[in-house]
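Below: the structure, in structure tokens.
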There are 2 protein chains.
Amino acid sequence: MDIDLSALPTPCYLIDEAALERNLRVLDGVQQRTGCKILMALKGFAMFSVFPLIRQYLRGVAASSLDEARLGSEEFGGEVHVYAPAYKDSQFPELLGYSDHVVFNSFPQWLRFKPLVAALKPDVQCGIRVNPEHSEVKTAIYDPCGRFSRLGVTRREFRPDLLDGISGLHFHNLCELNADSLVRTLHAFETGFGEFLEGMRWVNFGGGHHITRPDYDIDLLCNAIEDFKHRYPLEIYLEPGEAIALNTGVLVASVLDVCHNEMDIAILDDLITPEPLR
Amino acid sequence: MDIDLSALPTPCYLIDEAALERNLRVLDGVQQRTGCKILMALKGFAMFSVFPLIRQYLRGVAASSLDEARLGSEEFGGEVHVYAPAYKDSQFPELLGYSDHVVFNSFPQWLRFKPLVAALKPDVQCGIRVNPEHSEVKTAIYDPCGRFSRLGVTRREFRPDLLDGISGLHFHNLCELNADSLVRTLHAFETGFGEFLEGMRWVNFGGGHHITRPDYDIDLLCNAIEDFKHRYPLEIYLEPGEAIALNTGVLVASVLDVCHNEMDIAILDDLITPEPLR
């Protein structure tokens, strides 16, 4: 980038739009090859100044809060998919207004809000998040399939008798991982929940796909999606976050002081909070 | 507290004003016995709805950012003491406007802003934060006196030739600790920096004093302050944060759902962020 860094207000994130578009073309290539739809997870990247570029390639957003859903609806356009571990009565009607897909974390949550959906927005697509009970994430606290996880319905708790009105399933157990992790997870998902996909319209493979990383195995991803669609002719969604912005920019900071305590220490203005220690 | 919790909007912090006032009376007792001044560190507690009660007992606030200084100046009143590891040129004039005491983290920072102080607010009290190089905090990343700490000037880097305009010294190396930790720290501070207190007007003993905890040794604290004042007849400031609100209230949340994965799991609305995991 040919830019005068010293002229920037700091701290700021500086994104190279050409690099961002390279990533978006990689993601769009997966859409073109497989017919899947890729959403942008706002929890991973939400710089709305570049939404006009991103929406030329991606189909919508994945939101996990009322404010994210509103951001997606008002600033991004396209499809707005929402998932949260639970919804609040006081926020649900507004949330529903922004959403095209709403994913519930449990059957009790689904039953609680089903009448509201029917009354306020019967055409919204409702889904259930399931827990495939297959771990790929190594750090326990970040593993959505770790023991006692509250995220998604296990096979044992799944209620086939309550699927009326449910048009899709959602799973998510990856984080910055490659396609081999998805392949293993898909196997676990199918084993546990494949029997319930008859009559469904879509499956959401969640986020954590590091698709734009140089070593990511795009062929393996595309083959896995095509193979899955061959057995289950459904709409497939992926919702990467970090992969959209990966390696597209830098954080620009200023050195405010250099002090010395055995070594030289630069003090930067790059913190979100004013100060971590006092 | 005789209150209907179910009628509260959640999540919310619920403070018992009677318990808060008990804490404030304990702190005021230390002021009365020793003549020291106690400030409230806004980083530890900043619920401005109870500022009118707190300012009946405490003398002002300790702020670590522009916004905290403004909050203290506009909503608390009393003395506003500011310290940050570095100040930004663009913010310093406004910060100075809110402040009665400004503490610098290094001599280069002091020299950089000294002309602005002289031009804009020559009556402000300027201080230097020193590093007594004595550790009491056991967790390394929270220890302001840990190796390579950027917080405060070590004895080796101290510049007695640059003290013109400096009216006080500040140290801070405690966190949720008892008076014995202060006593040991004071000894290290005096050994390193006692010789420079001649001609100073104040010393700030920082925060981290858990004064309102049932097992806190208030007599030892008061004796240490009185003993110090006997040798150095200066104004002494303490700036506890957590001690002000300790054991005065609860976080009230609602159970949004109960799901099951080997055990029952309640999903609450008590998070600041919408969701830690997905």
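Every chain in the structure tokens has a letter given in the order shown (A, B, ...), and although residue numbers restart at 1 in each chain, ligands are simply numbered from 1 in the order shown.
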
Do you know which residues are at most 12 Å from His260 (chain B) counting only C-alpha atoms, after dropping those on the same chain fewer than 6 positions away, and could you put them as a PyMOL selection string?
-> (chain A and resi 105-108+131+147-158) or (chain B and resi 266-267)

Enumerate, as a PyMOL selection string, the complete set of residues in region 147-275 of chain B that a backbone-based DSSP assignment places in strand (DSSP E or B).
-> chain B and resi 153+166-170+177+202-204+209+235-238+249-252+255-261+263-268

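Minimum atom-to-atom distances from A:Leu256, A:Val30, A:Leu5, A:Cys36 to chain B were compared using only C-alpha atoms, and the lowest value belongs to A:Leu256.
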
Got a sec to tell me which of region 29-121 of chain A DSSP assigns to helix (DSSP H, G or I), as a ChimeraX atom specification?
-> /A:29-34,48-54,66-76,92-98,107-120

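As for CA of Leu20 (chain A) and CA of Gly35 (chain A), they are spaced 21.7 Å apart.
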
For Phe228 (chain A), please output as a list in words all residues within 12 Å (counting only C-alpha atoms; exclusion window: fewer than 3 positions along the same chain).
-> Thr34, Gly35, Cys36, Leu182, Val183, Leu186, His187, Phe189, Glu190, Gly194, Leu197, Trp202, Val203, Phe205, Leu221, Cys222, Asn223, Ala224, Ile225, Arg231, Tyr232, Pro233, Leu234, Glu235 and Ile236 of chain A

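Closest approach to Tyr13 (chain A) among A:Val80, A:Gln32, A:Gly168, A:Ser49: A:Ser49, based on only C-alpha atoms.
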
Contacts of Ala179 (chain B) at 8 Å or less, counting only C-alpha atoms, minus same-chain residues fewer than 4 places along, as a list in words?
-> Val183, His209, Tyr216, Asp217, Ile218, Leu220 and Leu221 of chain B

Grab the residues selected above and save them as a PDB file, in the first residue's frame with C-alpha atoms.
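Generated file (part15.pdb):
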```pdb
ATOM      1  CA  VAL B 183       4.186  -1.674  54.844  1.00  0.00           C
ATOM      2  CA  HIS B 209      -5.768  -1.572  49.352  1.00  0.00           C
ATOM      3  CA  TYR B 216      -8.028  -6.012  56.649  1.00  0.00           C
ATOM      4  CA  ASP B 217      -5.652  -4.664  59.293  1.00  0.00           C
ATOM      5  CA  ILE B 218      -6.795  -1.062  59.549  1.00  0.00           C
ATOM      6  CA  LEU B 220      -1.540  -1.421  60.669  1.00  0.00           C
ATOM      7  CA  LEU B 221      -2.539   0.807  57.729  1.00  0.00           C
TER       8      LEU B 221
END
```

Could you pull the residues within 12 Å of Ala86 (chain A), counting only C-alpha atoms, minus those fewer than 6 positions along the same chain, as a PyMOL selection string?
-> (chain A and resi 64-66+92+102-110+112-113+128-129+150-152) or (chain B and resi 254-259+266-271+274-275+278)

For Gly77 (chain B), find every residue with an atom within 8 Å (counting only C-alpha atoms), except residues of its own chain fewer than 3 positions away, and show them as a compact mmCIF listing (two decimals) with all heavy atoms, in the first residue's frame.
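Okay, around12.txt is ready:
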```txt
# COMPACT_ATOMS: atom_id res chain seq x y z
N ARG B 55 -19.33 11.02 47.50
CA ARG B 55 -18.58 12.28 47.66
C ARG B 55 -18.82 12.93 49.02
O ARG B 55 -18.16 13.90 49.37
CB ARG B 55 -18.86 13.24 46.51
CG ARG B 55 -20.20 13.87 46.48
CD ARG B 55 -20.26 14.99 45.40
NE ARG B 55 -21.63 15.24 45.01
CZ ARG B 55 -22.14 14.98 43.82
NH1 ARG B 55 -21.38 14.50 42.86
NH2 ARG B 55 -23.40 15.23 43.54
N GLY B 60 -12.27 12.72 46.13
CA GLY B 60 -12.20 12.91 44.68
C GLY B 60 -12.00 11.58 44.00
O GLY B 60 -12.29 10.53 44.57
N GLY B 72 -15.16 12.13 36.34
CA GLY B 72 -14.85 12.60 37.68
C GLY B 72 -15.12 14.09 37.84
O GLY B 72 -15.72 14.53 38.82
N SER B 73 -14.70 14.85 36.85
CA SER B 73 -14.85 16.29 36.93
C SER B 73 -16.31 16.71 36.88
O SER B 73 -16.75 17.57 37.64
CB SER B 73 -14.06 16.93 35.78
OG SER B 73 -14.24 18.32 35.77
N GLU B 74 -17.07 16.09 35.97
CA GLU B 74 -18.45 16.55 35.76
C GLU B 74 -19.43 15.94 36.76
O GLU B 74 -20.41 16.58 37.13
CB GLU B 74 -18.90 16.20 34.34
CG GLU B 74 -18.12 16.99 33.28
CD GLU B 74 -18.61 16.74 31.87
OE1 GLU B 74 -19.52 15.91 31.68
OE2 GLU B 74 -18.06 17.38 30.94
N VAL B 80 -9.55 15.68 41.07
CA VAL B 80 -9.40 14.72 39.98
C VAL B 80 -7.90 14.48 39.77
O VAL B 80 -7.17 15.41 39.40
CB VAL B 80 -10.06 15.21 38.68
CG1 VAL B 80 -9.76 14.24 37.54
CG2 VAL B 80 -11.56 15.39 38.87
```

Can you list, as a count of residues only, every protein, DNA or RNA residue that comes within 10 Å of Phe48 (chain B) when you count only C-alpha atoms, leaving out same-chain residues fewer than 4 positions away?
-> 8

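For the pair CA of Ala62 (chain A) and CA of Tyr83 (chain A), the separation is 7.6 Å.
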
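Taking only C-alpha atoms into account, chain B lies nearest to A:His170 out of the set A:His170, A:Arg184, A:His101, A:Arg201.
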
Interatomic distance between CA of Glu195 (chain A) and CA of Ser99 (chain A)?
-> 27.4 Å

May I ask which of the residues A:Ala118, A:Val252, A:Val26, A:Ile38 is the closest one to Pro214 (chain A), counting only C-alpha atoms?
-> A:Val26

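Among the candidates B:Ala69, B:Ala84, B:Ile3, B:Ala253, the one nearest to chain A when counting only C-alpha atoms is B:Ala84.
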
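Nearest-residue note for chain A: choosing from B:Thr248, B:Gln31, B:Ser167, B:Thr10, the minimum distance belongs to B:Thr10, counting only C-alpha atoms.
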